[in-house]
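Novice: Supplied in structure tokens, the structure appears directly below.
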Amino acid sequence: MSILTSPRGKVEVVHCRRTESQDIYCIKKLIRKFTQRLFGKLNIIYLLEKANLAVTLCNDKEEIMAQATFLDYPNWNVSKQDDWVSVFRELDSEIPCTPLNTLFMHLFVAVDEFSTGCCKEIIRNVFKAVPELHFIFLTVPSYMSLGSTLITVFHQVGTIPNLTYDEDFAVQICLRHHHYPQLHVRKARVEDHDDLMPIFMHYDTVLKETYGEYFLAELIEAQDEENHAVVCEVSDSSIWEMLSGRNKRQELCFLDLKRTLRADV
């Protein structure tokens, strides 16, 4: 459940679910002329049958607020369905897109008043639901603006020609780390001490006063087959740690540490 607020201050409580066949009527009602210019004239029934992922956003009355459909190949016939990787990698060699970590948006519709909030909520939930997904592409006619909604989650990486007729299409990309980043979890090292201590000291200085300045380094160093310490990293900085200790001093320190963390949670 999430809360969306429109520019005029109207509030809706929304949730995401898989699109169902009975949603089709409402989806069609949300399609505007701008939608057709952006995505083309679509057969919604056929599109949903082919979709790898189709997501509907509803309010607490189960009224449809937005819908998005994703497939594993580009729209607008800008490449062959089974041979798009080389075409898209030519746009930016630093984007390691593959059929396993990429989807393509083929449709997005929303209630006008909540369109931006709905778009961001759907994108966040899609990345949340598919851990392997890192890139969402959208191809649109190069002369078309994305509008005030999609521009908030996509940015252009280049243009490619259409295979059918002489027209260029803009390639837009949406990146996971802007919406639902993944944390990197690894075994703790003693050198993590300097990154971790400010976190604990921000909430409680008693641990340092009770067990000494290097209590955390001692706990990390005391790891063995039964006792482990792990850290979560964001942008190469350690942000969290879970510890277990064996000897009496370490056990007491660990229990105090758990109390500190739980109080914060």
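Just so we're on the same page: first chain in the structure tokens is A, next is B, and so on; residues restart at 1 for each chain, and ligands are numbered from 1 in the order they show up.
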Got a sec to tell me which of stretch 43-235 of chain A DSSP assigns to alpha helix (DSSP H), as a PyMOL selection string?
Specialist: chain A and resi 44-50+85-89+115-129+147-150+193-203+206-211+215-221
Novice: Residues of the last selection are to be written out with C-alpha atoms, as a PDB file, in the first residue's frame.
Specialist:
```pdb
ATOM      1  CA  ILE A  44      -4.887  -4.557 -25.731  1.00  0.00           C
ATOM      2  CA  ILE A  45      -6.076  -8.184 -25.566  1.00  0.00           C
ATOM      3  CA  TYR A  46      -3.207  -9.373 -27.781  1.00  0.00           C
ATOM      4  CA  LEU A  47      -0.702  -7.209 -25.900  1.00  0.00           C
ATOM      5  CA  LEU A  48      -1.678  -8.653 -22.507  1.00  0.00           C
ATOM      6  CA  GLU A  49      -1.498 -12.192 -23.878  1.00  0.00           C
ATOM      7  CA  LYS A  50       2.084 -11.565 -25.018  1.00  0.00           C
ATOM      8  CA  VAL A  85      20.798  -6.619 -27.741  1.00  0.00           C
ATOM      9  CA  SER A  86      23.485  -5.524 -30.209  1.00  0.00           C
ATOM     10  CA  VAL A  87      21.322  -2.639 -31.461  1.00  0.00           C
ATOM     11  CA  PHE A  88      20.746  -1.244 -27.977  1.00  0.00           C
ATOM     12  CA  ARG A  89      24.307  -1.793 -26.757  1.00  0.00           C
ATOM     13  CA  SER A 115      -0.353  10.026 -13.536  1.00  0.00           C
ATOM     14  CA  THR A 116       3.112  10.971 -12.258  1.00  0.00           C
ATOM     15  CA  GLY A 117       2.679   9.317  -8.874  1.00  0.00           C
ATOM     16  CA  CYS A 118       1.151   6.234 -10.488  1.00  0.00           C
ATOM     17  CA  CYS A 119       4.042   5.939 -12.942  1.00  0.00           C
ATOM     18  CA  LYS A 120       6.676   6.091 -10.212  1.00  0.00           C
ATOM     19  CA  GLU A 121       4.748   3.618  -8.052  1.00  0.00           C
ATOM     20  CA  ILE A 122       4.427   1.097 -10.886  1.00  0.00           C
ATOM     21  CA  ILE A 123       8.103   1.374 -11.801  1.00  0.00           C
ATOM     22  CA  ARG A 124       9.130   0.870  -8.170  1.00  0.00           C
ATOM     23  CA  ASN A 125       6.915  -2.190  -7.842  1.00  0.00           C
ATOM     24  CA  VAL A 126       8.153  -3.702 -11.103  1.00  0.00           C
ATOM     25  CA  PHE A 127      11.776  -3.491  -9.969  1.00  0.00           C
ATOM     26  CA  LYS A 128      10.732  -4.836  -6.576  1.00  0.00           C
ATOM     27  CA  ALA A 129       8.879  -7.800  -8.113  1.00  0.00           C
ATOM     28  CA  GLY A 147       5.106  14.279 -21.644  1.00  0.00           C
ATOM     29  CA  SER A 148       5.239  15.406 -18.033  1.00  0.00           C
ATOM     30  CA  THR A 149       4.748  11.906 -16.576  1.00  0.00           C
ATOM     31  CA  LEU A 150       7.132   9.468 -18.266  1.00  0.00           C
ATOM     32  CA  HIS A 193      35.076  -0.390  11.428  1.00  0.00           C
ATOM     33  CA  ASP A 194      35.536   3.276  10.477  1.00  0.00           C
ATOM     34  CA  ASP A 195      32.433   3.250   8.256  1.00  0.00           C
ATOM     35  CA  LEU A 196      30.281   1.445  10.816  1.00  0.00           C
ATOM     36  CA  MET A 197      31.125   3.247  14.022  1.00  0.00           C
ATOM     37  CA  PRO A 198      29.474   6.584  13.087  1.00  0.00           C
ATOM     38  CA  ILE A 199      26.235   4.684  12.480  1.00  0.00           C
ATOM     39  CA  PHE A 200      26.188   3.166  15.960  1.00  0.00           C
ATOM     40  CA  MET A 201      27.490   6.296  17.685  1.00  0.00           C
ATOM     41  CA  HIS A 202      24.730   8.345  16.112  1.00  0.00           C
ATOM     42  CA  TYR A 203      22.196   6.427  18.209  1.00  0.00           C
ATOM     43  CA  VAL A 206      27.054   3.604  25.756  1.00  0.00           C
ATOM     44  CA  LEU A 207      28.493   0.681  23.781  1.00  0.00           C
ATOM     45  CA  LYS A 208      31.771   2.501  23.207  1.00  0.00           C
ATOM     46  CA  GLU A 209      31.925   3.646  26.829  1.00  0.00           C
ATOM     47  CA  THR A 210      31.204   0.120  28.117  1.00  0.00           C
ATOM     48  CA  TYR A 211      33.279  -2.064  25.795  1.00  0.00           C
ATOM     49  CA  PHE A 215      34.591  -3.214  20.431  1.00  0.00           C
ATOM     50  CA  LEU A 216      33.164  -3.475  16.907  1.00  0.00           C
ATOM     51  CA  ALA A 217      36.504  -4.389  15.345  1.00  0.00           C
ATOM     52  CA  GLU A 218      36.979  -7.057  18.021  1.00  0.00           C
ATOM     53  CA  LEU A 219      33.591  -8.607  17.266  1.00  0.00           C
ATOM     54  CA  ILE A 220      34.295  -8.651  13.536  1.00  0.00           C
ATOM     55  CA  GLU A 221      37.729 -10.170  14.083  1.00  0.00           C
TER      56      GLU A 221
END
```
Novice: Which residues of stretch 20-89 of chain A come within 8 Å of stretch 97-112 of chain A, and what is each one's closest atom pair and distance in Å (one decimal), counting only C-alpha atoms, sorted by chain and residue number, as JSON lines?
Specialist:
```
{"residue": "A:Ile27", "atom": "CA", "partner": "A:Val109", "partner_atom": "CA", "distance": 7.1}
{"residue": "A:Leu30", "atom": "CA", "partner": "A:Val109", "partner_atom": "CA", "distance": 5.8}
{"residue": "A:Ile31", "atom": "CA", "partner": "A:Val109", "partner_atom": "CA", "distance": 6.1}
{"residue": "A:Thr35", "atom": "CA", "partner": "A:Val109", "partner_atom": "CA", "distance": 7.3}
{"residue": "A:Phe39", "atom": "CA", "partner": "A:Leu107", "partner_atom": "CA", "distance": 6.3}
{"residue": "A:Met65", "atom": "CA", "partner": "A:Val111", "partner_atom": "CA", "distance": 5.4}
{"residue": "A:Ala66", "atom": "CA", "partner": "A:Ala110", "partner_atom": "CA", "distance": 3.9}
{"residue": "A:Gln67", "atom": "CA", "partner": "A:Val109", "partner_atom": "CA", "distance": 5.4}
{"residue": "A:Ala68", "atom": "CA", "partner": "A:Phe108", "partner_atom": "CA", "distance": 4.4}
{"residue": "A:Thr69", "atom": "CA", "partner": "A:Leu107", "partner_atom": "CA", "distance": 5.2}
{"residue": "A:Phe70", "atom": "CA", "partner": "A:Met105", "partner_atom": "CA", "distance": 4.6}
{"residue": "A:Leu71", "atom": "CA", "partner": "A:Phe104", "partner_atom": "CA", "distance": 5.3}
{"residue": "A:Asp72", "atom": "CA", "partner": "A:Leu103", "partner_atom": "CA", "distance": 4.9}
{"residue": "A:Tyr73", "atom": "CA", "partner": "A:Phe104", "partner_atom": "CA", "distance": 6.1}
{"residue": "A:Pro74", "atom": "CA", "partner": "A:Phe104", "partner_atom": "CA", "distance": 5.7}
{"residue": "A:Asn75", "atom": "CA", "partner": "A:His106", "partner_atom": "CA", "distance": 6.1}
{"residue": "A:Val85", "atom": "CA", "partner": "A:Thr98", "partner_atom": "CA", "distance": 6.3}
{"residue": "A:Phe88", "atom": "CA", "partner": "A:Cys97", "partner_atom": "CA", "distance": 7.9}
{"residue": "A:Arg89", "atom": "CA", "partner": "A:Cys97", "partner_atom": "CA", "distance": 7.1}
```
Novice: Set the distance at 10 Å and use only C-alpha atoms: which residues neighbour A:Val171 once local chain neighbours fewer than 4 positions away are removed? I'd like the list as JSON, numbers by chain.
Specialist: {"A": [74, 78, 88, 91, 137, 138, 139, 140, 141, 142, 154, 155, 156, 157, 158, 159, 160]}
Novice: Can you tell me which residues surround A:Arg17 at a distance of at most 7 Å, considering only C-alpha atoms, apart from same-chain residues fewer than 4 positions away, and format the answer as a list in words?
Specialist: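 Once the nearby chain positions are removed, what remains is Val55, Thr56 and Leu57 of chain A.
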Novice: List every residue of stretch 20-213 of chain A that DSSP, applied to the backbone of this structure, places in strand (DSSP E or B), and write the result as a PyMOL selection string.
Specialist: chain A and resi 53-59+64-71+102-110+135-141+155-161+168-175+184-187
